[in-house]
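data23.cif, holding mmCIF, C-alpha atoms, pLDDT in the B column; chains and numbers go by the auth columns:
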data_upload
loop_
_atom_site.group_PDB
_atom_site.id
_atom_site.type_symbol
_atom_site.label_atom_id
_atom_site.label_comp_id
_atom_site.label_asym_id
_atom_site.label_seq_id
_atom_site.Cartn_x
_atom_site.Cartn_y
_atom_site.Cartn_z
_atom_site.B_iso_or_equiv
_atom_site.auth_seq_id
_atom_site.auth_asym_id
ATOM 1 C CA MET A 1 95.582 95.330 108.566 53.00 16 A
ATOM 2 C CA ASN A 2 92.263 96.027 106.870 58.00 17 A
ATOM 3 C CA ALA A 3 92.791 97.948 103.655 78.00 18 A
ATOM 4 C CA ALA A 4 95.337 96.578 101.228 91.00 19 A
ATOM 5 C CA PRO A 5 98.715 98.198 101.829 95.00 20 A
ATOM 6 C CA LYS A 6 99.837 100.894 99.447 96.00 21 A
ATOM 7 C CA LEU A 7 102.012 99.253 96.813 98.00 22 A
ATOM 8 C CA ARG A 8 105.015 100.380 94.779 98.00 23 A
ATOM 9 C CA ILE A 9 106.143 98.489 91.698 98.00 24 A
ATOM 10 C CA ALA A 10 109.757 99.527 91.146 98.00 25 A
ATOM 11 C CA ARG A 11 112.460 98.689 88.698 98.00 26 A
ATOM 12 C CA PRO A 12 115.629 100.184 87.329 98.00 27 A
ATOM 13 C CA THR A 13 115.877 101.770 83.914 98.00 28 A
ATOM 14 C CA ASP A 14 118.551 103.380 81.791 98.00 29 A
ATOM 15 C CA ASP A 15 116.234 105.971 80.249 98.00 30 A
ATOM 16 C CA PRO A 16 113.578 107.452 82.517 98.00 31 A
ATOM 17 C CA GLN A 17 112.778 110.180 79.986 97.00 32 A
ATOM 18 C CA ALA A 18 111.714 107.588 77.436 98.00 33 A
ATOM 19 C CA LEU A 19 109.543 105.924 80.074 98.00 34 A
ATOM 20 C CA LEU A 20 107.864 109.237 80.869 98.00 35 A
ATOM 21 C CA ARG A 21 106.637 109.474 77.297 98.00 36 A
ATOM 22 C CA PHE A 22 105.111 106.023 77.631 98.00 37 A
ATOM 23 C CA TYR A 23 103.660 106.079 81.140 98.00 38 A
ATOM 24 C CA ARG A 24 102.863 109.795 81.545 98.00 39 A
ATOM 25 C CA ASP A 25 102.113 111.042 78.045 98.00 40 A
ATOM 26 C CA GLY A 26 100.744 107.760 76.722 98.00 41 A
ATOM 27 C CA LEU A 27 99.069 105.994 79.605 98.00 42 A
ATOM 28 C CA GLY A 28 98.148 109.219 81.322 97.00 43 A
ATOM 29 C CA LEU A 29 99.755 108.570 84.690 98.00 44 A
ATOM 30 C CA GLU A 30 101.039 111.582 86.583 97.00 45 A
ATOM 31 C CA VAL A 31 104.431 112.231 88.083 97.00 46 A
ATOM 32 C CA ILE A 32 103.614 112.097 91.789 96.00 47 A
ATOM 33 C CA GLY A 33 107.115 112.318 93.176 96.00 48 A
ATOM 34 C CA GLY A 34 110.749 111.495 92.718 96.00 49 A
ATOM 35 C CA PHE A 35 114.233 112.097 94.011 96.00 50 A
ATOM 36 C CA GLN A 36 117.697 112.946 92.734 96.00 51 A
ATOM 37 C CA ASP A 37 121.069 111.530 93.687 94.00 52 A
ATOM 38 C CA HIS A 38 120.211 109.734 96.871 94.00 53 A
ATOM 39 C CA ALA A 39 123.491 107.866 97.215 93.00 54 A
ATOM 40 C CA GLY A 40 123.774 107.790 93.436 95.00 55 A
ATOM 41 C CA PHE A 41 120.170 106.783 92.792 97.00 56 A
ATOM 42 C CA ASP A 42 117.600 108.881 90.943 97.00 57 A
ATOM 43 C CA GLY A 43 113.927 108.029 90.746 97.00 58 A
ATOM 44 C CA VAL A 44 110.584 109.117 89.422 98.00 59 A
ATOM 45 C CA PHE A 45 107.192 107.952 90.713 98.00 60 A
ATOM 46 C CA LEU A 46 104.160 107.690 88.462 98.00 61 A
ATOM 47 C CA GLY A 47 100.556 107.121 89.384 97.00 62 A
ATOM 48 C CA ARG A 48 97.606 109.175 90.433 96.00 63 A
ATOM 49 C CA ARG A 49 96.995 110.850 93.742 93.00 64 A
ATOM 50 C CA GLY A 50 94.928 108.594 95.963 92.00 65 A
ATOM 51 C CA TRP A 51 95.522 105.453 93.978 95.00 66 A
ATOM 52 C CA PRO A 52 96.541 102.401 95.995 96.00 67 A
ATOM 53 C CA TYR A 53 99.588 101.696 93.847 97.00 68 A
ATOM 54 C CA HIS A 54 102.223 103.546 91.879 98.00 69 A
ATOM 55 C CA LEU A 55 105.221 102.846 89.684 98.00 70 A
ATOM 56 C CA ALA A 56 108.814 103.815 90.386 98.00 71 A
ATOM 57 C CA PHE A 57 111.576 103.946 87.806 98.00 72 A
ATOM 58 C CA ILE A 58 115.045 104.120 89.242 98.00 73 A
ATOM 59 C CA THR A 59 118.432 104.884 87.755 98.00 74 A
ATOM 60 C CA HIS A 60 121.657 104.083 89.527 96.00 75 A
ATOM 61 C CA ARG A 61 124.452 106.224 88.196 94.00 76 A
ATOM 62 C CA GLY A 62 127.089 104.095 86.534 95.00 77 A
ATOM 63 C CA HIS A 63 125.016 100.905 86.682 96.00 78 A
ATOM 64 C CA PRO A 64 123.212 99.898 83.489 96.00 79 A
ATOM 65 C CA ALA A 65 119.822 98.304 84.076 97.00 80 A
ATOM 66 C CA GLY A 66 119.290 96.613 80.732 97.00 81 A
ATOM 67 C CA ARG A 67 116.014 95.517 79.265 97.00 82 A
ATOM 68 C CA ALA A 68 113.084 93.399 80.364 98.00 83 A
ATOM 69 C CA PRO A 69 114.056 89.756 80.764 97.00 84 A
ATOM 70 C CA THR A 70 110.967 88.485 78.905 97.00 85 A
ATOM 71 C CA GLN A 71 108.026 89.713 76.854 96.00 86 A
ATOM 72 C CA GLU A 72 105.759 88.508 79.627 96.00 87 A
ATOM 73 C CA ASN A 73 106.708 90.890 82.409 97.00 88 A
ATOM 74 C CA LEU A 74 103.335 92.607 82.391 97.00 89 A
ATOM 75 C CA LEU A 75 101.287 95.167 84.171 98.00 90 A
ATOM 76 C CA VAL A 76 97.632 94.595 83.354 98.00 91 A
ATOM 77 C CA PHE A 77 95.211 97.464 83.943 97.00 92 A
ATOM 78 C CA TYR A 78 91.578 96.322 84.111 96.00 93 A
ATOM 79 C CA ILE A 79 89.844 99.441 82.876 95.00 94 A
ATOM 80 C CA PRO A 80 86.246 99.366 84.048 92.00 95 A
ATOM 81 C CA ASP A 81 84.761 101.690 81.439 93.00 96 A
ATOM 82 C CA ALA A 82 84.818 101.145 77.675 93.00 97 A
ATOM 83 C CA ALA A 83 85.047 104.861 76.886 94.00 98 A
ATOM 84 C CA GLU A 84 87.994 105.283 79.266 94.00 99 A
ATOM 85 C CA TRP A 85 89.665 102.249 77.737 96.00 100 A
ATOM 86 C CA GLN A 86 89.242 103.659 74.227 96.00 101 A
ATOM 87 C CA ALA A 87 90.574 107.038 75.337 97.00 102 A
ATOM 88 C CA VAL A 88 93.743 105.497 76.749 97.00 103 A
ATOM 89 C CA VAL A 89 94.271 103.320 73.683 97.00 104 A
ATOM 90 C CA ASP A 90 93.771 106.341 71.432 97.00 105 A
ATOM 91 C CA ARG A 91 96.247 108.391 73.452 98.00 106 A
ATOM 92 C CA MET A 92 98.855 105.626 73.271 98.00 107 A
ATOM 93 C CA MET A 93 98.407 105.454 69.500 97.00 108 A
ATOM 94 C CA ALA A 94 98.569 109.244 69.196 97.00 109 A
ATOM 95 C CA MET A 95 101.863 109.203 71.102 96.00 110 A
ATOM 96 C CA GLY A 96 103.221 106.759 68.564 96.00 111 A
ATOM 97 C CA PHE A 97 102.982 103.586 70.631 97.00 112 A
ATOM 98 C CA ALA A 98 101.488 100.840 68.498 95.00 113 A
ATOM 99 C CA SER A 99 100.009 97.803 70.168 97.00 114 A
ATOM 100 C CA VAL A 100 101.966 94.570 69.853 97.00 115 A
ATOM 101 C CA PRO A 101 100.801 90.963 69.681 96.00 116 A
ATOM 102 C CA SER A 102 100.744 89.429 73.143 94.00 117 A
ATOM 103 C CA ILE A 103 102.801 86.326 73.803 91.00 118 A
ATOM 104 C CA ASN A 104 99.910 84.684 75.598 91.00 119 A
ATOM 105 C CA PRO A 105 96.962 84.762 73.197 89.00 120 A
ATOM 106 C CA TYR A 106 94.652 85.123 76.188 90.00 121 A
ATOM 107 C CA TRP A 107 95.261 88.867 76.198 91.00 122 A
ATOM 108 C CA GLU A 108 94.573 89.275 72.489 89.00 123 A
ATOM 109 C CA SER A 109 90.849 88.845 72.950 87.00 124 A
ATOM 110 C CA ARG A 110 90.663 91.083 75.978 85.00 125 A
ATOM 111 C CA GLY A 111 92.488 94.258 75.159 93.00 126 A
ATOM 112 C CA LYS A 112 95.642 95.788 73.787 96.00 127 A
ATOM 113 C CA THR A 113 99.250 95.150 74.705 98.00 128 A
ATOM 114 C CA PHE A 114 101.893 97.864 74.508 98.00 129 A
ATOM 115 C CA GLU A 115 105.638 97.515 74.988 98.00 130 A
ATOM 116 C CA ASP A 116 107.524 100.239 76.814 98.00 131 A
ATOM 117 C CA PRO A 117 110.984 101.447 75.712 98.00 132 A
ATOM 118 C CA ASP A 118 112.639 98.924 78.061 98.00 133 A
ATOM 119 C CA GLY A 119 110.640 95.966 76.777 98.00 134 A
ATOM 120 C CA TYR A 120 108.314 95.685 79.764 98.00 135 A
ATOM 121 C CA ARG A 121 104.713 95.443 78.702 98.00 136 A
ATOM 122 C CA VAL A 122 101.398 96.940 79.672 98.00 137 A
ATOM 123 C CA VAL A 123 98.071 95.333 78.872 98.00 138 A
ATOM 124 C CA LEU A 124 95.009 97.536 78.786 97.00 139 A
ATOM 125 C CA GLU A 125 92.138 95.185 79.351 96.00 140 A
ATOM 126 C CA CYS A 126 88.701 96.440 78.472 92.00 141 A
ATOM 127 C CA ALA A 127 86.708 94.825 81.251 84.00 142 A
ATOM 128 C CA PRO A 128 83.197 95.804 80.061 85.00 143 A
ATOM 129 C CA CYS A 129 83.948 94.811 76.477 82.00 144 A
ATOM 130 C CA LEU A 130 84.131 91.185 77.627 73.00 145 A
ATOM 131 C CA THR A 131 80.834 90.863 79.413 59.00 146 A
ATOM 132 C CA GLY A 132 78.931 93.247 77.165 48.00 147 A
ATOM 133 C CA GLU A 133 79.711 91.475 73.936 43.00 148 A
ATOM 134 C CA GLY A 134 80.608 87.987 75.120 36.00 149 A
ATOM 135 C CA MET B 1 89.148 107.956 86.912 72.00 11 B
ATOM 136 C CA SER B 2 89.404 105.625 89.859 85.00 12 B
ATOM 137 C CA ALA B 3 92.320 103.240 89.979 93.00 13 B
ATOM 138 C CA PRO B 4 91.882 100.276 87.665 96.00 14 B
ATOM 139 C CA THR B 5 92.497 96.908 89.243 96.00 15 B
ATOM 140 C CA LEU B 6 96.123 96.060 88.543 98.00 16 B
ATOM 141 C CA ARG B 7 97.699 92.711 87.795 98.00 17 B
ATOM 142 C CA ILE B 8 101.449 92.398 88.215 98.00 18 B
ATOM 143 C CA ALA B 9 102.376 89.435 86.065 98.00 19 B
ATOM 144 C CA ARG B 10 105.544 87.671 85.117 98.00 20 B
ATOM 145 C CA PRO B 11 106.689 84.294 83.946 98.00 21 B
ATOM 146 C CA THR B 12 108.602 81.831 86.039 98.00 22 B
ATOM 147 C CA ASP B 13 110.201 78.467 85.457 98.00 23 B
ATOM 148 C CA ASN B 14 108.594 76.977 88.541 97.00 24 B
ATOM 149 C CA ILE B 15 105.289 78.209 89.893 97.00 25 B
ATOM 150 C CA GLU B 16 105.312 75.738 92.772 97.00 26 B
ATOM 151 C CA VAL B 17 108.587 77.061 94.128 97.00 27 B
ATOM 152 C CA LEU B 18 107.153 80.588 94.343 98.00 28 B
ATOM 153 C CA LEU B 19 104.103 79.583 96.361 98.00 29 B
ATOM 154 C CA PRO B 20 105.794 79.290 99.777 98.00 30 B
ATOM 155 C CA PHE B 21 107.055 82.856 99.383 98.00 31 B
ATOM 156 C CA TYR B 22 103.921 84.583 98.142 98.00 32 B
ATOM 157 C CA ARG B 23 101.230 82.407 99.745 98.00 33 B
ATOM 158 C CA ASP B 24 102.816 81.359 103.044 98.00 34 B
ATOM 159 C CA GLY B 25 105.308 84.191 103.496 98.00 35 B
ATOM 160 C CA LEU B 26 103.320 87.173 102.239 98.00 36 B
ATOM 161 C CA GLY B 27 100.058 85.599 103.322 97.00 37 B
ATOM 162 C CA LEU B 28 98.372 86.097 99.959 98.00 38 B
ATOM 163 C CA SER B 29 95.495 83.895 98.904 98.00 39 B
ATOM 164 C CA VAL B 30 95.441 81.835 95.741 98.00 40 B
ATOM 165 C CA LEU B 31 92.712 83.678 93.841 97.00 41 B
ATOM 166 C CA GLY B 32 92.732 81.396 90.845 97.00 42 B
ATOM 167 C CA HIS B 33 94.813 79.141 88.692 97.00 43 B
ATOM 168 C CA PHE B 34 94.767 77.543 85.281 97.00 44 B
ATOM 169 C CA GLU B 35 96.535 74.670 83.574 96.00 45 B
ATOM 170 C CA ASP B 36 97.547 74.367 79.943 95.00 46 B
ATOM 171 C CA HIS B 37 95.621 77.236 78.459 93.00 47 B
ATOM 172 C CA ALA B 38 97.287 77.083 75.043 91.00 48 B
ATOM 173 C CA GLY B 39 100.400 75.770 76.803 93.00 49 B
ATOM 174 C CA PHE B 40 100.326 78.253 79.668 95.00 50 B
ATOM 175 C CA ASP B 41 99.940 77.455 83.348 97.00 51 B
ATOM 176 C CA GLY B 42 99.293 80.191 85.846 97.00 52 B
ATOM 177 C CA VAL B 43 98.369 81.127 89.370 98.00 53 B
ATOM 178 C CA MET B 44 96.936 84.386 90.686 98.00 54 B
ATOM 179 C CA LEU B 45 97.658 85.469 94.255 98.00 55 B
ATOM 180 C CA GLY B 46 96.348 88.391 96.234 98.00 56 B
ATOM 181 C CA ARG B 47 93.818 89.382 98.791 95.00 57 B
ATOM 182 C CA PRO B 48 90.170 89.150 97.859 93.00 58 B
ATOM 183 C CA GLY B 49 88.867 92.598 97.021 92.00 59 B
ATOM 184 C CA ALA B 50 92.304 94.218 96.932 95.00 60 B
ATOM 185 C CA PRO B 51 93.012 96.642 94.072 97.00 61 B
ATOM 186 C CA TYR B 52 96.002 94.635 92.867 98.00 62 B
ATOM 187 C CA HIS B 53 97.129 91.043 92.600 98.00 63 B
ATOM 188 C CA PHE B 54 100.013 88.996 91.286 98.00 64 B
ATOM 189 C CA GLU B 55 100.145 86.416 88.542 98.00 65 B
ATOM 190 C CA PHE B 56 102.887 83.917 87.838 98.00 66 B
ATOM 191 C CA THR B 57 102.782 82.071 84.561 98.00 67 B
ATOM 192 C CA HIS B 58 104.728 79.273 82.985 97.00 68 B
ATOM 193 C CA GLN B 59 104.756 78.539 79.289 95.00 69 B
ATOM 194 C CA ARG B 60 105.503 74.868 78.836 94.00 70 B
ATOM 195 C CA GLY B 61 108.813 74.275 77.139 94.00 71 B
ATOM 196 C CA HIS B 62 110.042 77.849 77.649 95.00 72 B
ATOM 197 C CA GLU B 63 112.727 78.888 80.089 96.00 73 B
ATOM 198 C CA VAL B 64 112.626 82.445 81.357 97.00 74 B
ATOM 199 C CA GLY B 65 115.414 82.575 83.910 96.00 75 B
ATOM 200 C CA ARG B 66 115.806 84.877 86.841 97.00 76 B
ATOM 201 C CA ALA B 67 115.175 88.520 87.687 98.00 77 B
ATOM 202 C CA PRO B 68 117.279 90.857 85.574 97.00 78 B
ATOM 203 C CA THR B 69 118.436 92.950 88.548 97.00 79 B
ATOM 204 C CA GLN B 70 118.379 93.016 92.356 97.00 80 B
ATOM 205 C CA ASP B 71 116.253 96.136 92.174 97.00 81 B
ATOM 206 C CA ASN B 72 113.076 94.757 90.571 98.00 82 B
ATOM 207 C CA LEU B 73 110.925 95.391 93.603 98.00 83 B
ATOM 208 C CA VAL B 74 107.433 95.321 94.920 98.00 84 B
ATOM 209 C CA VAL B 75 107.169 97.513 98.020 98.00 85 B
ATOM 210 C CA PHE B 76 104.387 97.152 100.566 98.00 86 B
ATOM 211 C CA TYR B 77 103.956 100.248 102.753 98.00 87 B
ATOM 212 C CA LEU B 78 103.067 99.121 106.262 98.00 88 B
ATOM 213 C CA PRO B 79 103.032 102.203 108.471 97.00 89 B
ATOM 214 C CA GLU B 80 101.656 100.449 111.552 97.00 90 B
ATOM 215 C CA ARG B 81 104.415 98.839 113.544 97.00 91 B
ATOM 216 C CA GLU B 82 102.357 95.751 114.399 97.00 92 B
ATOM 217 C CA ASP B 83 101.457 95.183 110.750 97.00 93 B
ATOM 218 C CA TRP B 84 105.076 95.480 109.705 98.00 94 B
ATOM 219 C CA GLU B 85 106.295 93.156 112.443 98.00 95 B
ATOM 220 C CA ALA B 86 103.580 90.639 111.638 98.00 96 B
ATOM 221 C CA ALA B 87 104.559 90.695 107.967 98.00 97 B
ATOM 222 C CA VAL B 88 108.245 90.164 108.732 98.00 98 B
ATOM 223 C CA SER B 89 107.465 87.417 111.244 98.00 99 B
ATOM 224 C CA ARG B 90 105.279 85.563 108.780 98.00 100 B
ATOM 225 C CA MET B 91 108.052 85.617 106.185 98.00 101 B
ATOM 226 C CA ARG B 92 110.511 84.272 108.737 98.00 102 B
ATOM 227 C CA ARG B 93 108.114 81.536 109.829 98.00 103 B
ATOM 228 C CA ALA B 94 107.829 80.555 106.177 98.00 104 B
ATOM 229 C CA GLY B 95 111.604 80.201 106.094 98.00 105 B
ATOM 230 C CA PHE B 96 112.638 83.481 104.456 98.00 106 B
ATOM 231 C CA GLU B 97 115.214 85.823 105.980 98.00 107 B
ATOM 232 C CA PRO B 98 115.739 89.452 104.973 98.00 108 B
ATOM 233 C CA VAL B 99 118.546 90.293 102.570 98.00 109 B
ATOM 234 C CA PRO B 100 120.488 93.553 102.292 98.00 110 B
ATOM 235 C CA SER B 101 118.697 95.822 99.852 98.00 111 B
ATOM 236 C CA TYR B 102 120.387 96.893 96.638 97.00 112 B
ATOM 237 C CA ASN B 103 119.477 100.514 97.325 97.00 113 B
ATOM 238 C CA PRO B 104 120.456 101.206 100.941 96.00 114 B
ATOM 239 C CA TYR B 105 117.397 103.426 101.282 96.00 115 B
ATOM 240 C CA TRP B 106 115.257 100.343 101.918 97.00 116 B
ATOM 241 C CA ASP B 107 117.448 99.156 104.768 97.00 117 B
ATOM 242 C CA ILE B 108 116.616 102.224 106.864 97.00 118 B
ATOM 243 C CA MET B 109 112.899 101.563 107.373 97.00 119 B
ATOM 244 C CA GLY B 110 112.367 98.352 105.493 98.00 120 B
ATOM 245 C CA ALA B 111 112.995 94.661 105.277 98.00 121 B
ATOM 246 C CA THR B 112 113.778 93.166 101.882 98.00 122 B
ATOM 247 C CA PHE B 113 113.111 89.568 100.891 98.00 123 B
ATOM 248 C CA GLU B 114 114.147 87.795 97.712 98.00 124 B
ATOM 249 C CA ASP B 115 111.945 85.212 96.048 98.00 125 B
ATOM 250 C CA ALA B 116 113.174 82.040 94.384 98.00 126 B
ATOM 251 C CA ASP B 117 113.533 83.840 91.044 98.00 127 B
ATOM 252 C CA GLY B 118 115.480 86.768 92.456 98.00 128 B
ATOM 253 C CA TYR B 119 112.629 89.271 92.387 98.00 129 B
ATOM 254 C CA ARG B 120 112.342 91.170 95.632 98.00 130 B
ATOM 255 C CA VAL B 121 109.665 92.321 98.044 98.00 131 B
ATOM 256 C CA VAL B 122 110.163 95.127 100.557 98.00 132 B
ATOM 257 C CA PHE B 123 108.083 95.727 103.654 98.00 133 B
ATOM 258 C CA GLN B 124 108.507 99.430 104.346 98.00 134 B
ATOM 259 C CA ARG B 125 107.613 100.571 107.840 98.00 135 B
ATOM 260 C CA ALA B 126 106.316 103.942 106.686 97.00 136 B
ATOM 261 C CA PRO B 127 103.289 105.473 105.028 95.00 137 B
ATOM 262 C CA TRP B 128 103.248 106.214 101.330 93.00 138 B
ATOM 263 C CA GLN B 129 102.515 109.898 100.895 80.00 139 B
ATOM 264 C CA ASP B 130 101.548 111.197 97.507 69.00 140 B
ATOM 265 C CA ALA B 131 103.345 114.381 96.586 55.00 141 B
ATOM 266 C CA ALA B 132 101.291 117.443 97.418 43.00 142 B
#

Structure re-expressed in structure tokens:
Amino acid sequence: MNAAPKLRIARPTDDPQALLRFYRDGLGLEVIGGFQDHAGFDGVFLGRRGWPYHLAFITHRGHPAGRAPTQENLLVFYIPDAAEWQAVVDRMMAMGFASVPSINPYWESRGKTFEDPDGYRVVLECAPCLTGEG
Amino acid sequence: MSAPTLRIARPTDNIEVLLPFYRDGLGLSVLGHFEDHAGFDGVMLGRPGAPYHFEFTHQRGHEVGRAPTQDNLVVFYLPEREDWEAAVSRMRRAGFEPVPSYNPYWDIMGATFEDADGYRVVFQRAPWQDAA
């Protein structure tokens, strides 16, 4: 096995529509697939074509998923370009998602943390901002 | 834009207990670790150069408990039979046996393993195909 395997990060949710606003309209991921009522499960996949990973949000009819267990269940995106980072942050703000203080102060100096409607968090780290201005 | 490097991070009550699963079972390398950064300990695991890695953190004096569901998953797509069999064998050698998946879909082509915190990893013997 040479290249890293393709990866899915999956979890259940009670409100996939609310997550679409966050991950698609805010973060700018694309809906790259999904399914309906496979044995009572529905799912939507978000990512970008060709990327080595994607997210999956699953609902199981009749089974509440609840919220994130902690404020430290994070996905950290290391954005390699300052202009791209600013564009994503601006789009999140424009969609009405305000950044939140991170639990671990480490992330405060390195980017912005956003909390999705389920309480799971995304950190947008501005990789060049660190070395360029450190 | 190209895919940003991704970190999948979560807290745990016992970093050491997770290491046999992720390091020995999944075969990931310890990419880094830190102790008592403002009360946080952490370890990063992955493969050097890979576009994603995992981080497990522990905030001293804070209990975080277990996975909220049996369906919080990380799925590795291993389309080559030998890769998939090697991955399953390595987990077994590390002392981890597959569990029935919460969604029966993963039992058709996959093997599901549960870590010490109840979070789960699936090895799926199939390619991941982006939608056209």

Shell around Asp46 in chain B at 12 Å using only C-alpha atoms, local window under 5 positions removed, as a VMD selection string: (chain A and resid 119 121) or (chain B and resid 51 to 53 67 to 71)

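The shortest atom-to-atom distance to Ala80 in chain A, with all atoms listed in the file taken into account, belongs to B:Pro78 out of B:Pro78, B:Pro61, B:Gly128, B:Pro14.
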
Interatomic distance (Å, one decimal) between CA of Gly81 in chain A and CA of Pro21 in chain B: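 Here the two named atoms are 17.9 Å from each other.
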
Between chain A and chain B, at 7 Å or less, what are the per-residue closest atom pairs and their distances in Å? Count all atoms listed in the file, order by chain and rising residue number, and return it as CSV.
residue,atom,partner,partner_atom,distance
A:Met16,CA,B:Asp93,CA,6.3
A:Ala19,CA,B:Ala60,CA,5.8
A:Pro20,CA,B:Tyr87,CA,5.7
A:Lys21,CA,B:Tyr87,CA,5.3
A:Leu22,CA,B:Phe86,CA,4.9
A:Arg23,CA,B:Val85,CA,4.8
A:Ile24,CA,B:Val84,CA,4.7
A:Ala25,CA,B:Leu83,CA,5.0
A:Arg26,CA,B:Asn82,CA,4.4
A:Pro27,CA,B:Asp81,CA,6.3
A:Ile47,CA,B:Ala141,CA,5.3
A:Gly48,CA,B:Ala141,CA,5.5
A:Arg64,CA,B:Asp140,CA,5.9
A:Trp66,CA,B:Ala13,CA,5.6
A:Pro84,CA,B:Pro78,CA,5.9
A:Thr85,CA,B:Val74,CA,6.7
A:Glu87,CA,B:Arg20,CA,5.6
A:Asn88,CA,B:Arg20,CA,4.4
A:Leu89,CA,B:Ala19,CA,4.9
A:Leu90,CA,B:Ile18,CA,4.9
A:Val91,CA,B:Arg17,CA,4.8
A:Phe92,CA,B:Leu16,CA,4.9
A:Tyr93,CA,B:Thr15,CA,5.2
A:Ile94,CA,B:Pro14,CA,5.3
A:Pro95,CA,B:Pro14,CA,6.8

For His75 in chain A: contacts at 8 Å, only C-alpha atoms, fewer than 3 positions along chain excluded, given as a PyMOL selection string: chain A and resi 27+55-57+78-79

Contact residues around Arg33 in chain B with all atoms listed in the file at 12 Å, ignoring same-chain residues under 5 positions, as an NGL selection string: :B and (25-28 or 38-41 or 53-57 or 63-65 or 100-101 or 104 or 125)

Selected residue, from A:Glu123, A:Asp29, A:Glu99, A:Asp131, that lies nearest to Gly111 in chain A when counting all atoms listed in the file: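 When distances to Gly111 in chain A are compared using all atoms listed in the file, the smallest one comes from A:Asp131.
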
Local residues around (101.5, 108.5, 70.4), at most 12 Å away, using all atoms listed in the file, as a PyMOL selection string: chain A and resi 36-43+103-114+129

Atom pair CA of Tyr129 in chain B / CA of Gly65 in chain A: separation (Å):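 For CA of Tyr129 in chain B relative to CA of Gly65 in chain A, the distance reads 26.4 Å.
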